[in-house]
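Here's the structure we're looking at; comments come further down.
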Protein chains: 2
Amino acid sequence: MKLSCDSLDLSDALTQVGKALPLKKVMPILNGIKLKAEGDTLTLTATDLELSIEKKIKADIFTEGETVILGKYFTEYVRKIDKEDVIIDTSGEKTLKLTYGENNGYIQTMEADEYPAFKNVNDENSFYIVKKELKNLIEKIIFCTASEDNRPTLKGCSIEISDNKIIGVASDGYRLAYCKKEIEYGGADIKIIVPARSMSEISKLLDDSDENVKVSIEKNYFMVDLENTKIVTRLIEGEYINYNKIIPSDFTTTVFVDKKALDTAIDRASLATRTEKKSVVKLEIREKRMSISAESEISGINEIVNIDLLGHDLNIGFNARYLSDSLRAISDDFVKLCFTTSTAPGVIVPTEKKEDEYLYLILPVRIIN
Amino acid sequence: MKLSCDSLDLSDALTQVGKALPLKKVMPILNGIKLKAEGDTLTLTATDLELSIEKKIKADIFTEGETVILGKYFTEYVRKIDKEDVIIDTSGEKTLKLTYGENNGYIQTMEADEYPAFKNVNDENSFYIVKKELKNLIEKIIFCTASEDNRPTLKGCSIEISDNKIIGVASDGYRLAYCKKEIEYGGADIKIIVPARSMSEISKLLDDSDENVKVSIEKNYFMVDLENTKIVTRLIEGEYINYNKIIPSDFTTTVFVDKKALDTAIDRASLATRTEKKSVVKLEIREKRMSISAESEISGINEIVNIDLLGHDLNIGFNARYLSDSLRAISDDFVKLCFTTSTAPGVIVPTEKKEDEYLYLILPVRIIN
């Protein structure tokens, strides 16, 4: 294999496919990125056997061929070579030679035969979605996924596709995020669980453009197909929690509040309990004003925010981080907090957008009144 | 004690004196910052018994008094209150109450009597130096200090003051930085060793202005007196290495080179050995060009930079990080590398400035030719 390509194109491609490199130690071959030179294209792939990314870039191919090169090292090396064409030559034994200007380097290679084949998902069940919409759907829910291993299905995002809509849900058992987007889809209903890590990497590869991406789903696999880049992930098996039963719709206390003022107040008040396992804040909801307070052995903080209240007064406690995370994920300036009792889940929704587009549900923490 | 002051002034002052809070666990009282309200001034002090910082800010004092408050927690709290006056009130028992707008908080306090007194250094031996010059002197040498405990004097910077000059030197035993500045000083010659941490915090409190700061030295103490801020540090006892004997002045190989090109080449080449304990690069100095190369079991990189050579060809090896650190501390675009043999120390100096103003000396690493 011998080829010449732009170092910036190569560096970008390596960085992108590198997101699929294993985070933990696994088979040595998976630490590699596979390079394949064919026609006028250099194809790069990486996989940790769960997530796979493939990227094609233009290259002048002198000799076709393929090889596997230590992913992180090669990426870092190429990233340091900017604004120059690089020549890649694997005619040496188990060695890739890189030449740029007057300089050169060599790196040991691995056997391309030993590298797992890239899984292409067929497009029997597929649809198109605008890039920024898919990115937004993921960003709105991803932070609510569980990180512990004891409930494997909660380590992924539930994706439901039916009759012109896609619904994404994430939950760690204490809180839940729900986001719905309209798409054009007339196929069979689909319910899958996509690993959180794959979702996160997919969102990073998407930009805020209005271009379409193609999403294809096959038994056990989910593929997002961007121009020249394909991301395939295995799915998580199992039954996701029945979130439709969990999300309440009738409330007796509804609070309208400035998001930034509320966030600042929670941020300050929660300082008082920040050294504790979970930083709990107590909300005291009254006509026109809500106090947000927290107390520890050595300190106490009490903040006041102005609100509009519909319904009853209420005292309720929450993990401060769950409230903050949700507020930060909401793009509106005002939010609506909806409650029934001090032990029932609270729901946070944006006020400007269609209410059913996205929401956050948070279980309260028992507080001493 | 009861007073009102600007939250931004208070936050800045807490952040500044907080640099003297202990890094390791020590006596609980030292985790505190002392507040003293007197006249129209709030004085804040912190110390780890080696480094002490005192800062004065304006305040409306209603009742004079003093207290000690958990430093990091109080700083973080006040930092979150911006653009508001705060009222500090310690009339509660062992409690400081903070009020800002409609909000308030309380924090446990400690006994001011138990806090160590701030050490004021008398000005028998003192001089003035321009802020940016002192900052520059520290920045030019500080990164060469040793971090290990086995040679305590090398954990500080040597400061020598005599007849209208100040010389700062730092070394970790493998490399050395030397920087000389002119000052007006007619007193007795002084040779001291200032702890690296104190030097670093002093440089952070200095800005790039042309204002003067007063430096005072007393047996065992070094004080920098800025407007409203005083920094006092204990000195390190012992005899510093005799650097005048170590720095060579005659060279047989002198290389003039573009600093950025050299730095880039070292950065790239050293990638090949970056996983090793020290990343060694080999310089092959020839007429018009120098090759910089590094090699490990799995990779090798060879870079070429254009140079002007005065004297003999030479092959010599260095720890890449030592070369890079020195290059980054030099403000000129071109540098001069001076050598004699492959086993004698190399010296790096800027080309534009007066040669004796600052220099870096680096011990070479044995390489196989």
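Letters for chains follow the order of the structure tokens (A, B, ...), residue numbers begin at 1 for each chain, and ligand numbers begin at 1 in the order shown.
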Distance table requested - chain A against chain B, cut-off 8 Å, only C-alpha atoms: one row per qualifying residue with the closest atom pair and its distance in Å to one decimal, ordered by chain and rising residue number, as CSV.
residue,atom,partner,partner_atom,distance
A:Tyr77,CA,B:Arg268,CA,6.9
A:Lys80,CA,B:Arg268,CA,6.5
A:Glu102,CA,B:Ile304,CA,6.4
A:Asn103,CA,B:Glu303,CA,4.7
A:Asn104,CA,B:Asn302,CA,5.4
A:Gly105,CA,B:Ile301,CA,4.0
A:Tyr106,CA,B:Gly300,CA,5.3
A:Ile107,CA,B:Ser299,CA,4.3
A:Gln108,CA,B:Ile298,CA,5.2
A:Arg268,CA,B:Lys80,CA,6.5
A:Leu271,CA,B:Tyr77,CA,7.1
A:Ile298,CA,B:Gln108,CA,5.1
A:Ser299,CA,B:Ile107,CA,4.3
A:Gly300,CA,B:Tyr106,CA,5.3
A:Ile301,CA,B:Gly105,CA,4.0
A:Asn302,CA,B:Asn104,CA,5.4
A:Glu303,CA,B:Asn103,CA,4.8
A:Ile304,CA,B:Asn103,CA,6.0
Practice task
Among the residues of segment 1-152 of chain B, find those DSSP assigns to strand (DSSP E or B) from the backbone and print them as a PyMOL selection string.
Solution key: chain B and resi 2-6+32-38+41-47+51-58+60-63+65-70+85-89+95-100+103-110+125-130
Fill in: Long-range neighbours of segment 158-160 of chain A as an MDAnalysis selection string, 10 Å cut-off, only C-alpha atoms, 6 positions minimum in chain
chainID A and resid 141 145 166:171 178:180 189:196 236 239:241 243
Go ahead and save the picked residues with N, CA, C and O atoms, as an mmCIF file, in the first residue's frame.
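Dumped everything to part.cif:
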data_model
loop_
_atom_site.group_PDB
_atom_site.id
_atom_site.type_symbol
_atom_site.label_atom_id
_atom_site.label_comp_id
_atom_site.auth_asym_id
_atom_site.auth_seq_id
_atom_site.Cartn_x
_atom_site.Cartn_y
_atom_site.Cartn_z
ATOM 1 N N ILE A 141 -31.215 14.050 26.352
ATOM 2 C CA ILE A 141 -31.500 12.909 27.240
ATOM 3 C C ILE A 141 -30.255 12.207 27.792
ATOM 4 O O ILE A 141 -30.293 11.671 28.889
ATOM 5 N N THR A 145 -28.671 8.905 31.657
ATOM 6 C CA THR A 145 -28.442 7.452 31.634
ATOM 7 C C THR A 145 -27.681 7.021 32.895
ATOM 8 O O THR A 145 -26.964 7.807 33.503
ATOM 9 N N ILE A 166 -39.958 9.957 16.540
ATOM 10 C CA ILE A 166 -38.893 9.243 17.238
ATOM 11 C C ILE A 166 -38.897 9.764 18.676
ATOM 12 O O ILE A 166 -38.945 10.971 18.916
ATOM 13 N N ILE A 167 -38.917 8.817 19.634
ATOM 14 C CA ILE A 167 -38.923 9.197 21.043
ATOM 15 C C ILE A 167 -37.656 8.640 21.690
ATOM 16 O O ILE A 167 -37.375 7.445 21.590
ATOM 17 N N GLY A 168 -36.893 9.511 22.323
ATOM 18 C CA GLY A 168 -35.709 9.075 23.056
ATOM 19 C C GLY A 168 -35.956 9.233 24.545
ATOM 20 O O GLY A 168 -36.484 10.243 24.982
ATOM 21 N N VAL A 169 -35.568 8.220 25.323
ATOM 22 C CA VAL A 169 -35.738 8.287 26.781
ATOM 23 C C VAL A 169 -34.473 7.772 27.455
ATOM 24 O O VAL A 169 -33.862 6.814 26.985
ATOM 25 N N ALA A 170 -34.067 8.448 28.528
ATOM 26 C CA ALA A 170 -32.934 7.967 29.321
ATOM 27 C C ALA A 170 -33.303 8.104 30.789
ATOM 28 O O ALA A 170 -34.005 9.039 31.171
ATOM 29 N N SER A 171 -32.818 7.168 31.606
ATOM 30 C CA SER A 171 -33.134 7.205 33.037
ATOM 31 C C SER A 171 -32.056 6.473 33.818
ATOM 32 O O SER A 171 -31.456 5.516 33.326
ATOM 33 N N TYR A 178 -37.087 12.696 28.615
ATOM 34 C CA TYR A 178 -37.940 12.252 27.508
ATOM 35 C C TYR A 178 -37.867 13.304 26.423
ATOM 36 O O TYR A 178 -37.993 14.499 26.705
ATOM 37 N N CYS A 179 -37.641 12.894 25.184
ATOM 38 C CA CYS A 179 -37.611 13.855 24.075
ATOM 39 C C CYS A 179 -38.233 13.236 22.829
ATOM 40 O O CYS A 179 -37.919 12.100 22.457
ATOM 41 N N LYS A 180 -39.115 14.003 22.205
ATOM 42 C CA LYS A 180 -39.826 13.491 21.018
ATOM 43 C C LYS A 180 -39.548 14.402 19.822
ATOM 44 O O LYS A 180 -39.550 15.629 19.958
ATOM 45 N N ASP A 189 -43.260 -0.358 13.693
ATOM 46 C CA ASP A 189 -42.811 0.234 14.947
ATOM 47 C C ASP A 189 -41.529 -0.445 15.429
ATOM 48 O O ASP A 189 -41.392 -1.667 15.321
ATOM 49 N N ILE A 190 -40.618 0.367 15.960
ATOM 50 C CA ILE A 190 -39.337 -0.162 16.438
ATOM 51 C C ILE A 190 -39.103 0.327 17.852
ATOM 52 O O ILE A 190 -39.351 1.491 18.163
ATOM 53 N N LYS A 191 -38.617 -0.581 18.717
ATOM 54 C CA LYS A 191 -38.218 -0.205 20.085
ATOM 55 C C LYS A 191 -36.853 -0.802 20.342
ATOM 56 O O LYS A 191 -36.707 -2.026 20.343
ATOM 57 N N ILE A 192 -35.858 0.045 20.549
ATOM 58 C CA ILE A 192 -34.503 -0.474 20.765
ATOM 59 C C ILE A 192 -33.842 0.269 21.931
ATOM 60 O O ILE A 192 -34.328 1.309 22.370
ATOM 61 N N ILE A 193 -32.735 -0.294 22.417
ATOM 62 C CA ILE A 193 -31.930 0.393 23.449
ATOM 63 C C ILE A 193 -30.511 0.546 22.911
ATOM 64 O O ILE A 193 -29.833 -0.443 22.630
ATOM 65 N N VAL A 194 -30.086 1.809 22.737
ATOM 66 C CA VAL A 194 -28.758 2.092 22.176
ATOM 67 C C VAL A 194 -27.803 2.434 23.331
ATOM 68 O O VAL A 194 -28.127 3.269 24.173
ATOM 69 N N PRO A 195 -26.603 1.807 23.390
ATOM 70 C CA PRO A 195 -25.678 2.105 24.493
ATOM 71 C C PRO A 195 -25.378 3.607 24.578
ATOM 72 O O PRO A 195 -25.206 4.273 23.561
ATOM 73 N N ALA A 196 -25.300 4.117 25.816
ATOM 74 C CA ALA A 196 -25.078 5.546 26.038
ATOM 75 C C ALA A 196 -23.786 6.021 25.377
ATOM 76 O O ALA A 196 -23.737 7.089 24.772
ATOM 77 N N ILE A 236 -28.410 -2.847 23.119
ATOM 78 C CA ILE A 236 -28.509 -3.521 24.420
ATOM 79 C C ILE A 236 -29.775 -4.363 24.402
ATOM 80 O O ILE A 236 -30.846 -3.881 24.036
ATOM 81 N N GLU A 239 -35.636 -5.457 28.171
ATOM 82 C CA GLU A 239 -36.887 -4.703 28.126
ATOM 83 C C GLU A 239 -36.657 -3.385 28.851
ATOM 84 O O GLU A 239 -36.221 -3.373 30.003
ATOM 85 N N TYR A 240 -36.912 -2.250 28.200
ATOM 86 C CA TYR A 240 -36.724 -0.953 28.859
ATOM 87 C C TYR A 240 -37.908 -0.679 29.785
ATOM 88 O O TYR A 240 -38.999 -1.196 29.569
ATOM 89 N N ILE A 241 -37.685 0.157 30.822
ATOM 90 C CA ILE A 241 -38.773 0.502 31.745
ATOM 91 C C ILE A 241 -39.948 1.127 30.977
ATOM 92 O O ILE A 241 -39.759 1.813 29.980
ATOM 93 N N TYR A 243 -41.917 3.785 30.560
ATOM 94 C CA TYR A 243 -41.912 5.176 31.025
ATOM 95 C C TYR A 243 -43.265 5.852 30.862
ATOM 96 O O TYR A 243 -43.574 6.810 31.556
#
Margin query: Applying 8 Å and only C-alpha atoms, which residues near segment 25-41 of chain A remain after dropping the ones on its own chain fewer than 5 positions away? List them as JSON, numbers by chain.
Written below: {"A": [1, 2, 3, 14, 17, 18, 46, 47, 48, 56, 57, 58, 59, 60, 61, 63, 64, 65, 66, 67, 68, 69, 70, 71, 72, 110, 112, 114, 115]}
_12 Å contact set for Lys260 of chain A, only C-alpha atoms, chain neighbours under 2 positions out, as a count of residues only_ = 20
I want to know what sits within 12 Å of segment 220-225 of chain B, based on only C-alpha atoms, with residues of the same chain fewer than 2 positions away left out; could you give that as a PDB file with N, CA and C atoms, in the first residue's frame?
ATOM      1  N   LEU B  49       2.145  28.380  57.267  1.00  0.00           N
ATOM      2  CA  LEU B  49       3.324  28.514  58.135  1.00  0.00           C
ATOM      3  C   LEU B  49       4.613  28.691  57.331  1.00  0.00           C
ATOM      4  N   GLU B  50       4.594  28.388  56.037  1.00  0.00           N
ATOM      5  CA  GLU B  50       5.757  28.682  55.189  1.00  0.00           C
ATOM      6  C   GLU B  50       5.472  29.977  54.421  1.00  0.00           C
ATOM      7  N   LEU B  51       4.327  29.993  53.738  1.00  0.00           N
ATOM      8  CA  LEU B  51       3.918  31.148  52.937  1.00  0.00           C
ATOM      9  C   LEU B  51       2.744  31.835  53.631  1.00  0.00           C
ATOM     10  N   SER B  52       2.782  33.177  53.726  1.00  0.00           N
ATOM     11  CA  SER B  52       1.669  33.927  54.318  1.00  0.00           C
ATOM     12  C   SER B  52       1.287  35.055  53.378  1.00  0.00           C
ATOM     13  N   ILE B  53      -0.014  35.269  53.208  1.00  0.00           N
ATOM     14  CA  ILE B  53      -0.461  36.381  52.373  1.00  0.00           C
ATOM     15  C   ILE B  53      -1.477  37.210  53.166  1.00  0.00           C
ATOM     16  N   GLU B  54      -1.295  38.521  53.101  1.00  0.00           N
ATOM     17  CA  GLU B  54      -2.208  39.442  53.781  1.00  0.00           C
ATOM     18  C   GLU B  54      -2.741  40.427  52.752  1.00  0.00           C
ATOM     19  N   LYS B  55      -4.029  40.693  52.787  1.00  0.00           N
ATOM     20  CA  LYS B  55      -4.630  41.601  51.811  1.00  0.00           C
ATOM     21  C   LYS B  55      -5.648  42.496  52.506  1.00  0.00           C
ATOM     22  N   PHE B 118       0.567  37.336  61.657  1.00  0.00           N
ATOM     23  CA  PHE B 118       1.231  37.584  60.375  1.00  0.00           C
ATOM     24  C   PHE B 118       2.638  38.137  60.628  1.00  0.00           C
ATOM     25  N   LYS B 119       3.634  37.539  60.012  1.00  0.00           N
ATOM     26  CA  LYS B 119       5.038  37.937  60.192  1.00  0.00           C
ATOM     27  C   LYS B 119       5.353  39.124  59.281  1.00  0.00           C
ATOM     28  N   ASN B 120       5.592  40.282  59.870  1.00  0.00           N
ATOM     29  CA  ASN B 120       6.016  41.437  59.079  1.00  0.00           C
ATOM     30  C   ASN B 120       7.529  41.493  59.038  1.00  0.00           C
ATOM     31  N   VAL B 121       8.089  41.610  57.848  1.00  0.00           N
ATOM     32  CA  VAL B 121       9.548  41.638  57.704  1.00  0.00           C
ATOM     33  C   VAL B 121      10.006  43.095  57.762  1.00  0.00           C
ATOM     34  N   ASN B 122      10.999  43.389  58.575  1.00  0.00           N
ATOM     35  CA  ASN B 122      11.477  44.775  58.662  1.00  0.00           C
ATOM     36  C   ASN B 122      12.259  45.155  57.395  1.00  0.00           C
ATOM     37  N   ASP B 123      12.384  46.439  57.154  1.00  0.00           N
ATOM     38  CA  ASP B 123      12.958  46.828  55.862  1.00  0.00           C
ATOM     39  C   ASP B 123      14.419  47.282  55.937  1.00  0.00           C
ATOM     40  N   GLU B 124      15.163  46.639  56.835  1.00  0.00           N
ATOM     41  CA  GLU B 124      16.606  46.948  56.888  1.00  0.00           C
ATOM     42  C   GLU B 124      17.286  46.590  55.566  1.00  0.00           C
ATOM     43  N   ASN B 125      16.975  45.396  55.073  1.00  0.00           N
ATOM     44  CA  ASN B 125      17.495  44.983  53.764  1.00  0.00           C
ATOM     45  C   ASN B 125      16.350  44.982  52.773  1.00  0.00           C
ATOM     46  N   SER B 126      16.204  46.077  52.063  1.00  0.00           N
ATOM     47  CA  SER B 126      15.093  46.087  51.113  1.00  0.00           C
ATOM     48  C   SER B 126      15.448  46.858  49.858  1.00  0.00           C
ATOM     49  N   PHE B 127      14.702  46.590  48.801  1.00  0.00           N
ATOM     50  CA  PHE B 127      14.922  47.294  47.533  1.00  0.00           C
ATOM     51  C   PHE B 127      13.629  47.278  46.740  1.00  0.00           C
ATOM     52  N   TYR B 128      13.579  48.083  45.691  1.00  0.00           N
ATOM     53  CA  TYR B 128      12.398  48.116  44.826  1.00  0.00           C
ATOM     54  C   TYR B 128      12.735  47.461  43.489  1.00  0.00           C
ATOM     55  N   ILE B 129      11.765  46.774  42.926  1.00  0.00           N
ATOM     56  CA  ILE B 129      11.949  46.201  41.585  1.00  0.00           C
ATOM     57  C   ILE B 129      10.622  46.358  40.844  1.00  0.00           C
ATOM     58  N   VAL B 130      10.696  46.569  39.534  1.00  0.00           N
ATOM     59  CA  VAL B 130       9.491  46.724  38.724  1.00  0.00           C
ATOM     60  C   VAL B 130       8.745  45.386  38.715  1.00  0.00           C
ATOM     61  N   LYS B 131       7.419  45.459  38.926  1.00  0.00           N
ATOM     62  CA  LYS B 131       6.588  44.249  39.008  1.00  0.00           C
ATOM     63  C   LYS B 131       6.873  43.248  37.888  1.00  0.00           C
ATOM     64  N   LEU B 134      10.233  41.389  38.125  1.00  0.00           N
ATOM     65  CA  LEU B 134      10.287  40.329  39.135  1.00  0.00           C
ATOM     66  C   LEU B 134       9.481  39.111  38.656  1.00  0.00           C
ATOM     67  N   LYS B 135       8.323  39.405  38.065  1.00  0.00           N
ATOM     68  CA  LYS B 135       7.477  38.322  37.519  1.00  0.00           C
ATOM     69  C   LYS B 135       8.248  37.550  36.454  1.00  0.00           C
ATOM     70  N   ILE B 159      18.325  33.111  45.178  1.00  0.00           N
ATOM     71  CA  ILE B 159      18.223  34.537  44.858  1.00  0.00           C
ATOM     72  C   ILE B 159      19.452  35.228  45.442  1.00  0.00           C
ATOM     73  N   ILE B 190      23.401  39.641  49.521  1.00  0.00           N
ATOM     74  CA  ILE B 190      22.465  38.691  50.129  1.00  0.00           C
ATOM     75  C   ILE B 190      22.384  37.456  49.248  1.00  0.00           C
ATOM     76  N   LYS B 191      22.383  36.282  49.870  1.00  0.00           N
ATOM     77  CA  LYS B 191      22.195  35.013  49.150  1.00  0.00           C
ATOM     78  C   LYS B 191      21.155  34.209  49.901  1.00  0.00           C
ATOM     79  N   ILE B 192      20.018  33.952  49.284  1.00  0.00           N
ATOM     80  CA  ILE B 192      18.960  33.209  49.977  1.00  0.00           C
ATOM     81  C   ILE B 192      18.365  32.149  49.051  1.00  0.00           C
ATOM     82  N   ILE B 193      17.600  31.232  49.641  1.00  0.00           N
ATOM     83  CA  ILE B 193      16.873  30.235  48.837  1.00  0.00           C
ATOM     84  C   ILE B 193      15.384  30.349  49.180  1.00  0.00           C
ATOM     85  N   VAL B 194      14.569  30.714  48.177  1.00  0.00           N
ATOM     86  CA  VAL B 194      13.133  30.916  48.383  1.00  0.00           C
ATOM     87  C   VAL B 194      12.395  29.675  47.889  1.00  0.00           C
ATOM     88  N   PRO B 195      11.501  29.106  48.702  1.00  0.00           N
ATOM     89  CA  PRO B 195      10.769  27.902  48.262  1.00  0.00           C
ATOM     90  C   PRO B 195      10.066  28.132  46.914  1.00  0.00           C
ATOM     91  N   SER B 198       6.394  29.283  46.986  1.00  0.00           N
ATOM     92  CA  SER B 198       6.228  30.702  47.318  1.00  0.00           C
ATOM     93  C   SER B 198       6.550  31.570  46.103  1.00  0.00           C
ATOM     94  N   MET B 199       7.648  31.218  45.407  1.00  0.00           N
ATOM     95  CA  MET B 199       8.025  31.974  44.210  1.00  0.00           C
ATOM     96  C   MET B 199       6.892  31.967  43.190  1.00  0.00           C
ATOM     97  N   GLU B 201       3.665  31.474  43.705  1.00  0.00           N
ATOM     98  CA  GLU B 201       2.513  32.276  44.141  1.00  0.00           C
ATOM     99  C   GLU B 201       2.821  33.769  44.049  1.00  0.00           C
ATOM    100  N   ILE B 202       4.058  34.147  44.337  1.00  0.00           N
ATOM    101  CA  ILE B 202       4.445  35.566  44.197  1.00  0.00           C
ATOM    102  C   ILE B 202       4.268  35.996  42.745  1.00  0.00           C
ATOM    103  N   SER B 203       4.722  35.166  41.815  1.00  0.00           N
ATOM    104  CA  SER B 203       4.628  35.562  40.397  1.00  0.00           C
ATOM    105  C   SER B 203       3.170  35.700  39.962  1.00  0.00           C
ATOM    106  N   LEU B 205       0.754  36.752  41.798  1.00  0.00           N
ATOM    107  CA  LEU B 205       0.179  37.982  42.366  1.00  0.00           C
ATOM    108  C   LEU B 205       0.736  39.239  41.685  1.00  0.00           C
ATOM    109  N   LEU B 206       1.766  39.060  40.884  1.00  0.00           N
ATOM    110  CA  LEU B 206       2.361  40.205  40.184  1.00  0.00           C
ATOM    111  C   LEU B 206       1.732  40.336  38.801  1.00  0.00           C
ATOM    112  N   GLU B 211       4.896  49.267  37.620  1.00  0.00           N
ATOM    113  CA  GLU B 211       4.945  49.733  39.015  1.00  0.00           C
ATOM    114  C   GLU B 211       6.032  49.003  39.795  1.00  0.00           C
ATOM    115  N   ASN B 212       6.487  49.669  40.858  1.00  0.00           N
ATOM    116  CA  ASN B 212       7.493  49.052  41.701  1.00  0.00           C
ATOM    117  C   ASN B 212       6.867  48.215  42.810  1.00  0.00           C
ATOM    118  N   VAL B 213       7.538  47.165  43.207  1.00  0.00           N
ATOM    119  CA  VAL B 213       7.178  46.468  44.435  1.00  0.00           C
ATOM    120  C   VAL B 213       8.382  46.529  45.354  1.00  0.00           C
ATOM    121  N   LYS B 214       8.101  46.484  46.635  1.00  0.00           N
ATOM    122  CA  LYS B 214       9.187  46.541  47.609  1.00  0.00           C
ATOM    123  C   LYS B 214       9.476  45.124  48.070  1.00  0.00           C
ATOM    124  N   VAL B 215      10.736  44.747  48.026  1.00  0.00           N
ATOM    125  CA  VAL B 215      11.158  43.427  48.475  1.00  0.00           C
ATOM    126  C   VAL B 215      12.007  43.614  49.724  1.00  0.00           C
ATOM    127  N   SER B 216      11.669  42.911  50.803  1.00  0.00           N
ATOM    128  CA  SER B 216      12.445  43.018  52.038  1.00  0.00           C
ATOM    129  C   SER B 216      12.913  41.638  52.457  1.00  0.00           C
ATOM    130  N   ILE B 217      14.122  41.576  52.941  1.00  0.00           N
ATOM    131  CA  ILE B 217      14.699  40.291  53.345  1.00  0.00           C
ATOM    132  C   ILE B 217      15.229  40.403  54.765  1.00  0.00           C
ATOM    133  N   GLU B 218      14.905  39.407  55.557  1.00  0.00           N
ATOM    134  CA  GLU B 218      15.335  39.346  56.946  1.00  0.00           C
ATOM    135  C   GLU B 218      15.836  37.929  57.134  1.00  0.00           C
ATOM    136  N   GLU B 227       0.821  47.008  46.720  1.00  0.00           N
ATOM    137  CA  GLU B 227      -0.189  47.874  47.318  1.00  0.00           C
ATOM    138  C   GLU B 227      -1.302  47.010  47.933  1.00  0.00           C
ATOM    139  N   ASN B 228      -1.537  47.146  49.218  1.00  0.00           N
ATOM    140  CA  ASN B 228      -2.597  46.426  49.944  1.00  0.00           C
ATOM    141  C   ASN B 228      -2.387  44.917  50.088  1.00  0.00           C
ATOM    142  N   THR B 229      -1.301  44.404  49.524  1.00  0.00           N
ATOM    143  CA  THR B 229      -1.058  42.964  49.620  1.00  0.00           C
ATOM    144  C   THR B 229       0.387  42.714  50.039  1.00  0.00           C
ATOM    145  N   LYS B 230       0.555  41.850  51.046  1.00  0.00           N
ATOM    146  CA  LYS B 230       1.906  41.477  51.465  1.00  0.00           C
ATOM    147  C   LYS B 230       2.036  39.965  51.396  1.00  0.00           C
ATOM    148  N   ILE B 231       3.157  39.516  50.856  1.00  0.00           N
ATOM    149  CA  ILE B 231       3.431  38.081  50.774  1.00  0.00           C
ATOM    150  C   ILE B 231       4.730  37.831  51.507  1.00  0.00           C
ATOM    151  N   VAL B 232       4.687  36.965  52.511  1.00  0.00           N
ATOM    152  CA  VAL B 232       5.898  36.652  53.272  1.00  0.00           C
ATOM    153  C   VAL B 232       6.154  35.163  53.166  1.00  0.00           C
ATOM    154  N   THR B 233       7.404  34.798  52.935  1.00  0.00           N
ATOM    155  CA  THR B 233       7.730  33.371  52.907  1.00  0.00           C
ATOM    156  C   THR B 233       8.957  33.096  53.757  1.00  0.00           C
ATOM    157  N   ARG B 234       8.942  31.945  54.409  1.00  0.00           N
ATOM    158  CA  ARG B 234      10.143  31.444  55.076  1.00  0.00           C
ATOM    159  C   ARG B 234      11.156  31.051  54.016  1.00  0.00           C
ATOM    160  N   LEU B 235      12.409  31.076  54.367  1.00  0.00           N
ATOM    161  CA  LEU B 235      13.453  30.680  53.422  1.00  0.00           C
ATOM    162  C   LEU B 235      13.870  29.235  53.676  1.00  0.00           C
ATOM    163  N   ILE B 236      14.507  28.636  52.648  1.00  0.00           N
ATOM    164  CA  ILE B 236      15.056  27.290  52.822  1.00  0.00           C
ATOM    165  C   ILE B 236      16.478  27.442  53.335  1.00  0.00           C
ATOM    166  N   GLU B 237      16.800  26.697  54.391  1.00  0.00           N
ATOM    167  CA  GLU B 237      18.161  26.776  54.923  1.00  0.00           C
ATOM    168  C   GLU B 237      19.076  25.849  54.141  1.00  0.00           C
ATOM    169  N   GLY B 238      20.357  26.191  54.099  1.00  0.00           N
ATOM    170  CA  GLY B 238      21.326  25.331  53.433  1.00  0.00           C
ATOM    171  C   GLY B 238      22.138  26.106  52.417  1.00  0.00           C
TER     172      GLY B 238
END
*Point-to-point distance from atom CA of Phe256 of chain A to atom CA of Ile348 of chain A, Å rounded to tenths*: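 Taking atom CA of Phe256 of chain A and atom CA of Ile348 of chain A, their separation equals 10.1 Å.
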A straight line from atom CA of Leu310 of chain A to atom CA of Gly173 of chain A spans 28.5 Å
As a check of understanding: the span from atom CA of Ala117 of chain B to atom CA of Leu23 of chain B is 19.6 Å
